file structure21.txt (compact mmCIF, C-alpha atoms)
# COMPACT_ATOMS: atom_id res chain seq x y z
CA MET A 120 -68.01 33.07 244.66
CA LYS A 121 -70.00 29.98 243.83
CA ARG A 122 -72.39 31.97 241.68
CA ARG A 123 -69.48 33.38 239.67
CA LEU A 124 -68.01 29.87 239.15
CA ILE A 125 -71.35 28.49 238.05
CA SER A 126 -71.81 31.38 235.64
CA VAL A 127 -68.38 30.75 234.10
CA ILE A 128 -69.11 27.05 233.65
CA LEU A 129 -72.49 27.73 232.05
CA PHE A 130 -70.96 30.28 229.71
CA ALA A 131 -68.23 27.82 228.68
CA MET A 132 -70.77 25.10 228.00
CA LEU A 133 -72.90 27.51 225.96
CA ALA A 134 -69.88 28.64 223.97
CA ALA A 135 -68.83 25.03 223.30
CA LEU A 136 -72.33 24.18 222.15
CA VAL A 137 -72.51 27.13 219.80
CA SER A 138 -69.04 26.50 218.33
CA SER A 139 -69.67 22.78 217.78
CA THR A 140 -72.96 23.57 216.06
CA LEU A 141 -71.29 26.07 213.76
CA LEU A 142 -68.47 23.62 212.98
CA TYR A 143 -70.92 20.85 212.17
CA ASN A 144 -72.84 23.12 209.81
CA ILE A 145 -69.63 24.14 208.05
CA ILE A 146 -68.48 20.54 207.58
CA SER A 147 -71.90 19.36 206.46
CA GLY A 148 -72.17 22.14 203.91
CA SER A 149 -68.74 21.47 202.38
CA ALA A 150 -69.12 17.67 202.09
CA PRO A 151 -70.35 16.50 198.64
CA LYS A 152 -73.80 15.02 198.64
CA VAL A 153 -73.88 11.41 197.45
CA ALA A 154 -76.65 10.93 194.95
CA LYS A 155 -78.84 7.96 195.51
CA ALA A 156 -78.22 5.26 192.89
CA LYS A 157 -81.00 4.79 190.42
CA THR A 158 -82.56 1.37 190.22
CA ALA A 159 -84.76 -0.33 187.69
CA THR A 160 -86.56 -3.62 187.44
CA VAL A 161 -84.46 -6.00 185.33
CA LEU A 162 -84.69 -9.68 184.44
CA VAL A 163 -82.38 -12.10 186.26
CA ALA A 164 -81.85 -15.86 186.25
CA ALA A 165 -84.21 -17.57 188.66
CA HIS A 166 -81.63 -20.37 189.12
CA ASP A 167 -78.30 -21.48 187.68
CA LEU A 168 -78.49 -21.84 183.91
CA ASP A 169 -76.00 -23.67 181.67
CA ALA A 170 -74.68 -22.37 178.37
CA GLY A 171 -76.73 -23.57 175.43
CA ALA A 172 -79.96 -23.90 177.43
CA LEU A 173 -83.19 -22.40 176.09
CA VAL A 174 -84.64 -19.84 178.51
CA GLY A 175 -88.18 -20.61 179.67
CA ASP A 176 -90.74 -18.73 181.73
CA GLY A 177 -89.63 -20.46 184.91
CA ASP A 178 -86.00 -19.49 184.34
CA VAL A 179 -86.64 -15.73 184.56
CA GLY A 180 -87.13 -13.59 187.65
CA THR A 181 -87.16 -9.85 188.35
CA VAL A 182 -85.21 -7.70 190.79
CA ASP A 183 -84.45 -4.01 191.36
CA TRP A 184 -80.97 -3.55 189.97
CA PRO A 185 -78.74 -0.44 190.07
CA VAL A 186 -78.53 0.97 186.59
CA VAL A 187 -76.60 3.76 184.94
CA GLU A 188 -76.80 5.28 181.50
CA GLY A 189 -76.09 2.64 178.87
CA SER A 190 -76.75 -0.38 181.11
CA PRO A 191 -77.32 -3.48 178.95
CA TRP A 192 -79.67 -5.26 181.33
CA MET A 193 -82.92 -6.49 179.81
CA SER A 194 -86.37 -5.80 181.26
CA GLN A 195 -88.79 -7.26 178.71
CA LYS A 196 -89.54 -10.94 179.30
CA SER A 197 -90.52 -11.46 175.68
CA ASP A 198 -86.96 -10.54 174.66
CA VAL A 199 -85.48 -13.35 176.79
CA VAL A 200 -87.84 -16.31 176.78
CA GLY A 201 -87.17 -18.81 173.97
CA ARG A 202 -83.58 -17.72 173.31
CA ALA A 203 -80.47 -19.83 173.94
CA LEU A 204 -77.74 -18.81 176.36
CA LEU A 205 -74.27 -18.22 174.96
CA MET A 206 -72.67 -18.48 178.42
CA PRO A 207 -73.76 -19.83 181.80
CA LEU A 208 -75.65 -17.57 184.22
CA ALA A 209 -75.67 -17.85 188.01
CA LYS A 210 -78.80 -17.41 190.08
CA GLY A 211 -79.70 -13.71 190.40
CA GLU A 212 -77.43 -12.63 187.51
CA PRO A 213 -79.13 -10.25 185.05
CA PHE A 214 -79.73 -11.05 181.39
CA ALA A 215 -77.90 -9.07 178.70
CA PRO A 216 -78.22 -9.18 174.89
CA ASN A 217 -74.61 -10.34 174.43
CA ARG A 218 -75.33 -13.38 176.60
CA LEU A 219 -78.19 -14.62 174.44
CA ALA A 220 -78.23 -16.17 170.97
CA ALA A 221 -80.22 -14.59 168.19
CA LYS A 222 -83.96 -15.14 168.18
CA GLY A 223 -84.99 -18.26 166.35
CA SER A 224 -81.61 -20.02 166.73
CA ALA A 225 -81.64 -23.45 168.28
CA GLY A 226 -80.11 -24.18 171.63
CA GLY A 227 -77.16 -26.40 172.38
CA VAL A 228 -73.60 -26.18 171.17
CA ALA A 229 -74.39 -24.58 167.79
CA SER A 230 -75.88 -21.49 169.43
CA GLN A 231 -72.62 -20.83 171.27
CA ILE A 232 -70.39 -20.74 168.18
CA PRO A 233 -69.41 -17.12 167.39
CA PRO A 234 -70.25 -15.86 163.89
CA GLY A 235 -67.56 -16.72 161.35
CA MET A 236 -66.10 -19.53 163.46
CA ARG A 237 -66.34 -23.30 163.28
CA VAL A 238 -65.98 -26.19 165.75
CA VAL A 239 -63.81 -29.19 164.80
CA PRO A 240 -63.69 -32.37 166.95
CA VAL A 241 -60.28 -33.89 167.63
CA HIS A 242 -59.71 -37.32 169.16
CA VAL A 243 -56.69 -37.54 171.46
CA ASP A 244 -55.12 -40.72 172.81
CA GLU A 245 -55.72 -40.91 176.58
CA SER A 246 -52.34 -42.58 177.05
CA THR A 247 -50.63 -39.22 176.49
CA GLY A 248 -51.87 -38.11 179.94
CA LEU A 249 -52.54 -34.54 178.81
CA SER A 250 -56.27 -34.93 178.27
CA ARG A 251 -57.02 -34.65 181.99
CA PHE A 252 -55.50 -31.15 182.10
CA ILE A 253 -57.36 -29.64 179.11
CA PHE A 254 -60.68 -27.94 179.89
CA PRO A 255 -63.00 -25.67 177.86
CA GLY A 256 -61.61 -22.17 177.46
CA MET A 257 -57.96 -23.24 177.49
CA HIS A 258 -55.65 -22.67 174.51
CA VAL A 259 -53.64 -25.33 172.71
CA ASP A 260 -51.31 -25.82 169.76
CA VAL A 261 -52.03 -28.59 167.25
CA ILE A 262 -49.14 -30.81 166.13
CA SER A 263 -49.39 -33.14 163.13
CA THR A 264 -47.10 -36.18 163.03
CA GLY A 265 -46.79 -38.35 159.97
CA PRO A 266 -44.48 -39.69 157.27
CA ALA A 267 -42.89 -37.30 154.79
CA PRO A 268 -41.32 -38.29 151.47
CA GLY A 269 -37.62 -38.93 151.97
CA GLN A 270 -37.65 -37.74 155.61
CA GLY A 271 -39.27 -40.50 157.64
CA ILE A 272 -41.62 -39.40 160.45
CA VAL A 273 -41.95 -35.59 160.71
CA ALA A 274 -43.82 -33.55 163.38
CA ARG A 275 -44.83 -29.95 162.73
CA THR A 276 -47.13 -27.33 164.30
CA ILE A 277 -50.08 -26.69 161.99
CA LEU A 278 -52.30 -24.54 164.26
CA GLN A 279 -51.47 -22.41 167.27
CA ASN A 280 -53.25 -20.64 170.12
CA ILE A 281 -56.54 -22.44 169.43
CA GLU A 282 -59.32 -22.19 172.02
CA VAL A 283 -60.87 -25.40 173.36
CA PHE A 284 -64.60 -24.93 172.81
CA SER A 285 -65.78 -27.98 174.77
CA THR A 286 -64.75 -31.50 175.72
CA GLY A 287 -66.45 -34.82 175.19
CA GLN A 288 -69.46 -35.55 173.01
CA GLY A 289 -73.03 -34.41 172.80
CA GLY A 290 -73.07 -30.74 173.77
CA VAL A 291 -72.10 -28.69 176.78
CA ILE A 292 -70.06 -30.41 179.47
CA LYS A 293 -71.38 -29.71 182.96
CA ASP A 294 -68.64 -31.61 184.78
CA VAL A 295 -65.21 -31.43 183.19
CA SER A 296 -63.48 -33.53 185.84
CA GLY A 297 -61.62 -36.56 184.59
CA SER A 298 -60.15 -37.31 181.19
CA ALA A 299 -61.90 -36.57 177.90
CA PRO A 300 -60.62 -38.29 174.76
CA MET A 301 -62.30 -35.83 172.39
CA PHE A 302 -61.89 -32.05 172.25
CA ASN A 303 -63.90 -29.57 170.20
CA LEU A 304 -61.67 -26.75 168.96
CA LEU A 305 -62.89 -23.29 167.92
CA VAL A 306 -61.30 -22.46 164.56
CA THR A 307 -61.80 -20.39 161.44
CA PRO A 308 -63.10 -22.04 158.24
CA ARG A 309 -59.57 -22.10 156.78
CA GLN A 310 -58.17 -23.66 159.95
CA ALA A 311 -60.96 -26.24 159.81
CA GLU A 312 -59.76 -27.30 156.33
CA VAL A 313 -56.16 -27.62 157.54
CA MET A 314 -57.33 -29.58 160.55
CA SER A 315 -59.48 -31.98 158.53
CA GLN A 316 -56.65 -32.70 156.11
CA ALA A 317 -54.22 -33.38 158.95
CA ILE A 318 -56.70 -35.71 160.69
CA ALA A 319 -57.09 -37.74 157.50
CA GLN A 320 -53.36 -38.05 156.79
CA SER A 321 -51.51 -38.05 160.11
CA LYS A 322 -51.69 -38.35 163.88
CA ILE A 323 -52.90 -35.29 165.84
CA GLN A 324 -51.57 -34.18 169.22
CA LEU A 325 -52.58 -31.19 171.35
CA VAL A 326 -50.01 -29.13 173.27
CA LEU A 327 -51.28 -27.02 176.16
CA ARG A 328 -50.12 -23.38 176.22
CA ASN A 329 -50.58 -20.28 178.34
CA PRO A 330 -53.43 -18.13 176.92
CA GLU A 331 -51.31 -15.03 177.58
CA ASP A 332 -48.54 -16.42 175.35
CA LYS A 333 -49.09 -14.81 171.95
CA ALA A 334 -45.80 -15.94 170.38
CA ASP A 335 -45.98 -17.05 166.75
CA ILE A 336 -44.61 -20.57 167.02
CA ILE A 337 -45.20 -21.46 163.38
CA ALA A 338 -43.07 -18.53 162.18
CA GLN A 339 -40.25 -19.43 164.59
CA VAL A 340 -40.07 -23.13 163.82
CA THR A 341 -38.19 -23.82 160.58
CA PRO A 342 -39.63 -26.85 158.83
CA PRO A 343 -37.13 -29.53 157.81
CA ALA A 344 -35.72 -29.05 154.35
CA PRO A 345 -37.12 -31.51 151.83
CA ALA A 346 -34.72 -34.21 150.79
CA ALA A 347 -33.10 -33.76 147.41
CA PRO A 348 -34.68 -36.07 144.85
CA ARG A 349 -32.50 -38.93 143.82
CA PRO A 350 -31.36 -38.79 140.18
CA ARG A 351 -33.13 -41.30 138.04
CA THR A 352 -30.67 -43.82 136.62
CA HIS A 353 -31.40 -45.35 133.24
CA PRO A 354 -29.90 -48.75 132.43
CA ALA A 355 -27.07 -48.59 129.93
CA PRO A 356 -27.99 -49.96 126.52
CA VAL A 357 -26.74 -53.47 125.91
CA THR A 358 -24.32 -53.52 122.99
CA LYS A 359 -22.89 -56.57 121.37
CA PRO A 360 -19.10 -56.78 121.44
CA VAL A 361 -17.50 -55.99 118.11
CA ALA A 362 -14.71 -58.28 117.13
CA ASP A 363 -11.34 -56.85 116.18
CA THR A 364 -11.15 -57.65 112.49
CA SER A 365 -7.48 -56.73 112.33
CA THR A 366 -6.46 -60.08 113.85
CA LEU A 367 -9.01 -62.28 112.07
CA GLU A 368 -8.71 -63.98 108.77
CA LYS A 369 -10.98 -62.86 106.05
CA SER A 370 -12.80 -66.16 106.20
CA GLU A 371 -13.65 -65.56 109.86
CA LEU A 372 -15.39 -62.24 109.31
CA VAL A 373 -19.11 -62.38 109.81
CA GLY A 374 -20.89 -62.14 106.50
CA ALA A 375 -17.62 -62.20 104.37
CA ASN A 376 -17.74 -64.19 101.04
CA PRO A 377 -15.23 -67.10 100.82
CA PRO A 378 -12.37 -66.52 98.31
CA PRO A 379 -12.68 -68.29 94.89
CA LYS A 380 -10.86 -71.58 94.46
CA PRO A 381 -7.62 -71.35 92.40
CA PRO A 382 -7.77 -72.95 88.89
CA PRO A 383 -6.07 -76.33 88.41
CA THR A 384 -2.44 -76.15 87.31
CA VAL A 385 0.11 -78.48 85.74
CA GLU A 386 3.71 -78.47 86.86
CA VAL A 387 6.26 -79.34 84.14
CA ILE A 388 9.95 -79.80 84.95
CA HIS A 389 12.50 -79.56 82.14
CA GLY A 390 15.82 -80.41 83.64
CA GLY A 391 16.49 -77.72 86.17
CA LYS A 392 13.63 -75.54 84.97
CA ARG A 393 10.21 -75.69 86.60
CA VAL A 394 7.13 -74.40 84.79
CA ILE A 395 3.64 -74.24 86.23
CA SER A 396 0.86 -73.84 83.67
CA PRO A 397 -2.85 -73.44 84.41
CA VAL A 398 -5.24 -76.04 82.97
CA SER A 399 -8.40 -74.85 81.39
CA PRO A 400 -11.43 -76.65 82.73
CA VAL A 401 -13.29 -78.82 80.30
CA PRO A 402 -16.77 -77.50 79.62
CA PRO A 403 -19.48 -79.97 80.45
CA GLY A 404 -20.65 -82.19 77.56
CA SER A 405 -17.39 -81.79 75.63
CA GLU A 406 -15.78 -85.07 76.81
CA SER A 407 -15.09 -87.68 73.99
CA HIS A 408 -16.72 -91.02 74.41
CA GLU A 409 -15.25 -94.10 72.86

call {"tool": "encode", "arguments": {"input": "structure21.txt", "output": "structure tokens"}}
result
Amino acid sequence: MKRRLISVILFAMLAALVSSTLLYNIISGSAPKVAKAKTATVLVAAHDLDAGALVGDGDVGTVDWPVVEGSPWMSQKSDVVGRALLMPLAKGEPFAPNRLAAKGSAGGVASQIPPGMRVVPVHVDESTGLSRFIFPGMHVDVISTGPAPGQGIVARTILQNIEVFSTGQGGVIKDVSGSAPMFNLLVTPRQAEVMSQAIAQSKIQLVLRNPEDKADIIAQVTPPAPAAPRPRTHPAPVTKPVADTSTLEKSELVGANPPPKPPPTVEVIHGGKRVISPVSPVPPGSESHE
């Protein structure tokens, strides 16, 4: 009886072992095989590097990095050393061509300016309180405030959705904490002309905006209509009053000749008859002398 029980138990254990082995083989054969990732030796930053810094021999290290087809990571040290960084790199981060300035370009701020763009400095009054909230990479609108003919003081948006390239003076800012009275804005050459003209003629103010906000503010804001020019008034010509000659005597008219004097007359009365006769004047030199 015991032998039969032991035989049954051994058979069950053998059957379980065989079935589990078959099941494991089936599962292992159906599971996809994960290919081992390919690695290659690439160049990485030996320590934290700031944007605008020139890469030296001591700034470059090597590490085995997983790569796939089309990976941009650089492996030749001669392609990295001596070039300026367009963006900061953390320790152990690989170098890529789009993170480096062109060969032969100087380091600093100029190497970070994208082709076709310009950087314009703008001074902002610290009393506005907004300067402490504006950091590199943020987007702002530029408002120009100044007098307009016939309208007084007028404020209008001249540039919109402009990226703040850096803050402060003298290159890349490592610590952007605190207020910065000057901001370097990344603009196109045409926007740089508009900005320079506004700086020379009016007061400039920056308005912080959400970088995801792509609304066209300039198209929505209607500029104030120019005041109608005042008509030019000419003084009326001064005319001398003309006298009414109908009520004046002839002798009172300006420039009129006086009437001739009447000839002498002799009045002779014969009774009730009265006769007036003119007397001829005696020509000079005809008087009789006694």

call {"tool": "closest_residue", "arguments": {"input": "structure21.txt", "among": "A:Met301, A:Ile281, A:Val306, A:Ala267", "to": "Lys333 of chain A", "atoms": "all atoms listed in the file"}}
result
A:Ile281

call {"tool": "closest_residue", "arguments": {"input": "structure21.txt", "among": "A:Gly271, A:Gly201, A:Pro308, A:Pro330", "to": "Val283 of chain A", "atoms": "only C-alpha atoms"}}
result
A:Pro330

call {"tool": "atom_distance", "arguments": {"input": "structure21.txt", "atom1": "atom CA of Leu205 of chain A", "atom2": "atom CA of Phe284 of chain A"}}
result
12.0 Å

call {"tool": "atom_distance", "arguments": {"input": "structure21.txt", "atom1": "atom CA of Val163 of chain A", "atom2": "atom CA of Ser194 of chain A"}}
result
9.0 Å

call {"tool": "atom_distance", "arguments": {"input": "structure21.txt", "atom1": "atom CA of Thr286 of chain A", "atom2": "atom CA of Val243 of chain A"}}
result
10.9 Å

call {"tool": "decode", "arguments": {"input": "structure21.txt", "residues": "segment 178-261 of chain A", "atoms": "C-alpha atoms", "output": "PDB file, in the first residue's frame"}}
result
ATOM      1  CA  ASP A 178      36.243  70.700 -20.317  1.00  0.00           C
ATOM      2  CA  VAL A 179      35.828  67.501 -22.371  1.00  0.00           C
ATOM      3  CA  GLY A 180      35.477  63.931 -21.145  1.00  0.00           C
ATOM      4  CA  THR A 181      34.446  60.631 -22.731  1.00  0.00           C
ATOM      5  CA  VAL A 182      31.794  58.078 -21.810  1.00  0.00           C
ATOM      6  CA  ASP A 183      30.030  55.101 -23.403  1.00  0.00           C
ATOM      7  CA  TRP A 184      26.673  56.475 -24.473  1.00  0.00           C
ATOM      8  CA  PRO A 185      23.694  54.614 -25.973  1.00  0.00           C
ATOM      9  CA  VAL A 186      23.386  55.589 -29.588  1.00  0.00           C
ATOM     10  CA  VAL A 187      20.919  54.910 -32.360  1.00  0.00           C
ATOM     11  CA  GLU A 188      20.979  55.672 -36.039  1.00  0.00           C
ATOM     12  CA  GLY A 189      21.217  59.420 -36.589  1.00  0.00           C
ATOM     13  CA  SER A 190      22.484  60.276 -33.093  1.00  0.00           C
ATOM     14  CA  PRO A 191      24.036  63.774 -33.107  1.00  0.00           C
ATOM     15  CA  TRP A 192      26.587  63.139 -30.375  1.00  0.00           C
ATOM     16  CA  MET A 193      30.152  64.112 -31.202  1.00  0.00           C
ATOM     17  CA  SER A 194      33.161  61.827 -30.746  1.00  0.00           C
ATOM     18  CA  GLN A 195      36.080  63.789 -32.194  1.00  0.00           C
ATOM     19  CA  LYS A 196      37.751  66.081 -29.672  1.00  0.00           C
ATOM     20  CA  SER A 197      39.118  68.325 -32.398  1.00  0.00           C
ATOM     21  CA  ASP A 198      35.533  69.147 -33.419  1.00  0.00           C
ATOM     22  CA  VAL A 199      34.703  70.467 -29.935  1.00  0.00           C
ATOM     23  CA  VAL A 200      37.762  72.136 -28.451  1.00  0.00           C
ATOM     24  CA  GLY A 201      38.018  75.862 -29.234  1.00  0.00           C
ATOM     25  CA  ARG A 202      34.336  76.362 -30.062  1.00  0.00           C
ATOM     26  CA  ALA A 203      31.868  78.439 -28.042  1.00  0.00           C
ATOM     27  CA  LEU A 204      28.771  76.982 -26.412  1.00  0.00           C
ATOM     28  CA  LEU A 205      25.396  78.258 -27.558  1.00  0.00           C
ATOM     29  CA  MET A 206      23.659  76.870 -24.454  1.00  0.00           C
ATOM     30  CA  PRO A 207      24.791  75.669 -21.029  1.00  0.00           C
ATOM     31  CA  LEU A 208      25.806  72.023 -20.545  1.00  0.00           C
ATOM     32  CA  ALA A 209      25.595  70.045 -17.308  1.00  0.00           C
ATOM     33  CA  LYS A 210      28.318  67.671 -16.181  1.00  0.00           C
ATOM     34  CA  GLY A 211      28.163  64.402 -18.144  1.00  0.00           C
ATOM     35  CA  GLU A 212      25.925  65.839 -20.893  1.00  0.00           C
ATOM     36  CA  PRO A 213      27.107  64.983 -24.426  1.00  0.00           C
ATOM     37  CA  PHE A 214      28.198  67.559 -26.987  1.00  0.00           C
ATOM     38  CA  ALA A 215      26.118  68.067 -30.144  1.00  0.00           C
ATOM     39  CA  PRO A 216      26.764  70.273 -33.203  1.00  0.00           C
ATOM     40  CA  ASN A 217      23.646  72.397 -32.565  1.00  0.00           C
ATOM     41  CA  ARG A 218      24.982  73.291 -29.117  1.00  0.00           C
ATOM     42  CA  LEU A 219      28.237  74.741 -30.425  1.00  0.00           C
ATOM     43  CA  ALA A 220      28.965  77.936 -32.346  1.00  0.00           C
ATOM     44  CA  ALA A 221      30.672  77.798 -35.701  1.00  0.00           C
ATOM     45  CA  LYS A 222      34.412  77.236 -35.750  1.00  0.00           C
ATOM     46  CA  GLY A 223      36.385  80.436 -35.530  1.00  0.00           C
ATOM     47  CA  SER A 224      33.590  82.463 -33.892  1.00  0.00           C
ATOM     48  CA  ALA A 225      34.420  84.207 -30.653  1.00  0.00           C
ATOM     49  CA  GLY A 226      32.879  83.230 -27.367  1.00  0.00           C
ATOM     50  CA  GLY A 227      30.582  85.292 -25.203  1.00  0.00           C
ATOM     51  CA  VAL A 228      27.202  86.766 -25.979  1.00  0.00           C
ATOM     52  CA  ALA A 229      27.803  87.278 -29.714  1.00  0.00           C
ATOM     53  CA  SER A 230      28.269  83.552 -30.306  1.00  0.00           C
ATOM     54  CA  GLN A 231      24.816  82.838 -28.894  1.00  0.00           C
ATOM     55  CA  ILE A 232      22.897  85.147 -31.246  1.00  0.00           C
ATOM     56  CA  PRO A 233      21.048  83.075 -33.877  1.00  0.00           C
ATOM     57  CA  PRO A 234      21.793  83.904 -37.525  1.00  0.00           C
ATOM     58  CA  GLY A 235      19.646  86.753 -38.835  1.00  0.00           C
ATOM     59  CA  MET A 236      18.833  88.076 -35.365  1.00  0.00           C
ATOM     60  CA  ARG A 237      20.091  91.032 -33.357  1.00  0.00           C
ATOM     61  CA  VAL A 238      20.324  91.928 -29.659  1.00  0.00           C
ATOM     62  CA  VAL A 239      19.125  95.366 -28.486  1.00  0.00           C
ATOM     63  CA  PRO A 240      19.694  96.604 -24.902  1.00  0.00           C
ATOM     64  CA  VAL A 241      16.774  98.283 -23.149  1.00  0.00           C
ATOM     65  CA  HIS A 242      17.031 100.197 -19.876  1.00  0.00           C
ATOM     66  CA  VAL A 243      14.003  99.834 -17.596  1.00  0.00           C
ATOM     67  CA  ASP A 244      13.247 101.915 -14.527  1.00  0.00           C
ATOM     68  CA  GLU A 245      13.569  99.730 -11.410  1.00  0.00           C
ATOM     69  CA  SER A 246      10.737 101.635  -9.748  1.00  0.00           C
ATOM     70  CA  THR A 247       8.242  99.822 -11.979  1.00  0.00           C
ATOM     71  CA  GLY A 248       8.855  96.641  -9.939  1.00  0.00           C
ATOM     72  CA  LEU A 249       8.622  94.362 -12.982  1.00  0.00           C
ATOM     73  CA  SER A 250      12.358  93.982 -13.541  1.00  0.00           C
ATOM     74  CA  ARG A 251      12.702  91.419 -10.754  1.00  0.00           C
ATOM     75  CA  PHE A 252      10.294  89.063 -12.545  1.00  0.00           C
ATOM     76  CA  ILE A 253      11.912  89.129 -16.012  1.00  0.00           C
ATOM     77  CA  PHE A 254      14.573  86.492 -16.672  1.00  0.00           C
ATOM     78  CA  PRO A 255      16.358  85.301 -19.844  1.00  0.00           C
ATOM     79  CA  GLY A 256      14.113  83.204 -22.062  1.00  0.00           C
ATOM     80  CA  MET A 257      10.890  84.977 -21.076  1.00  0.00           C
ATOM     81  CA  HIS A 258       8.763  86.872 -23.605  1.00  0.00           C
ATOM     82  CA  VAL A 259       7.691  90.497 -23.347  1.00  0.00           C
ATOM     83  CA  ASP A 260       5.826  93.200 -25.233  1.00  0.00           C
ATOM     84  CA  VAL A 261       7.464  96.596 -25.744  1.00  0.00           C
TER      85      VAL A 261
END
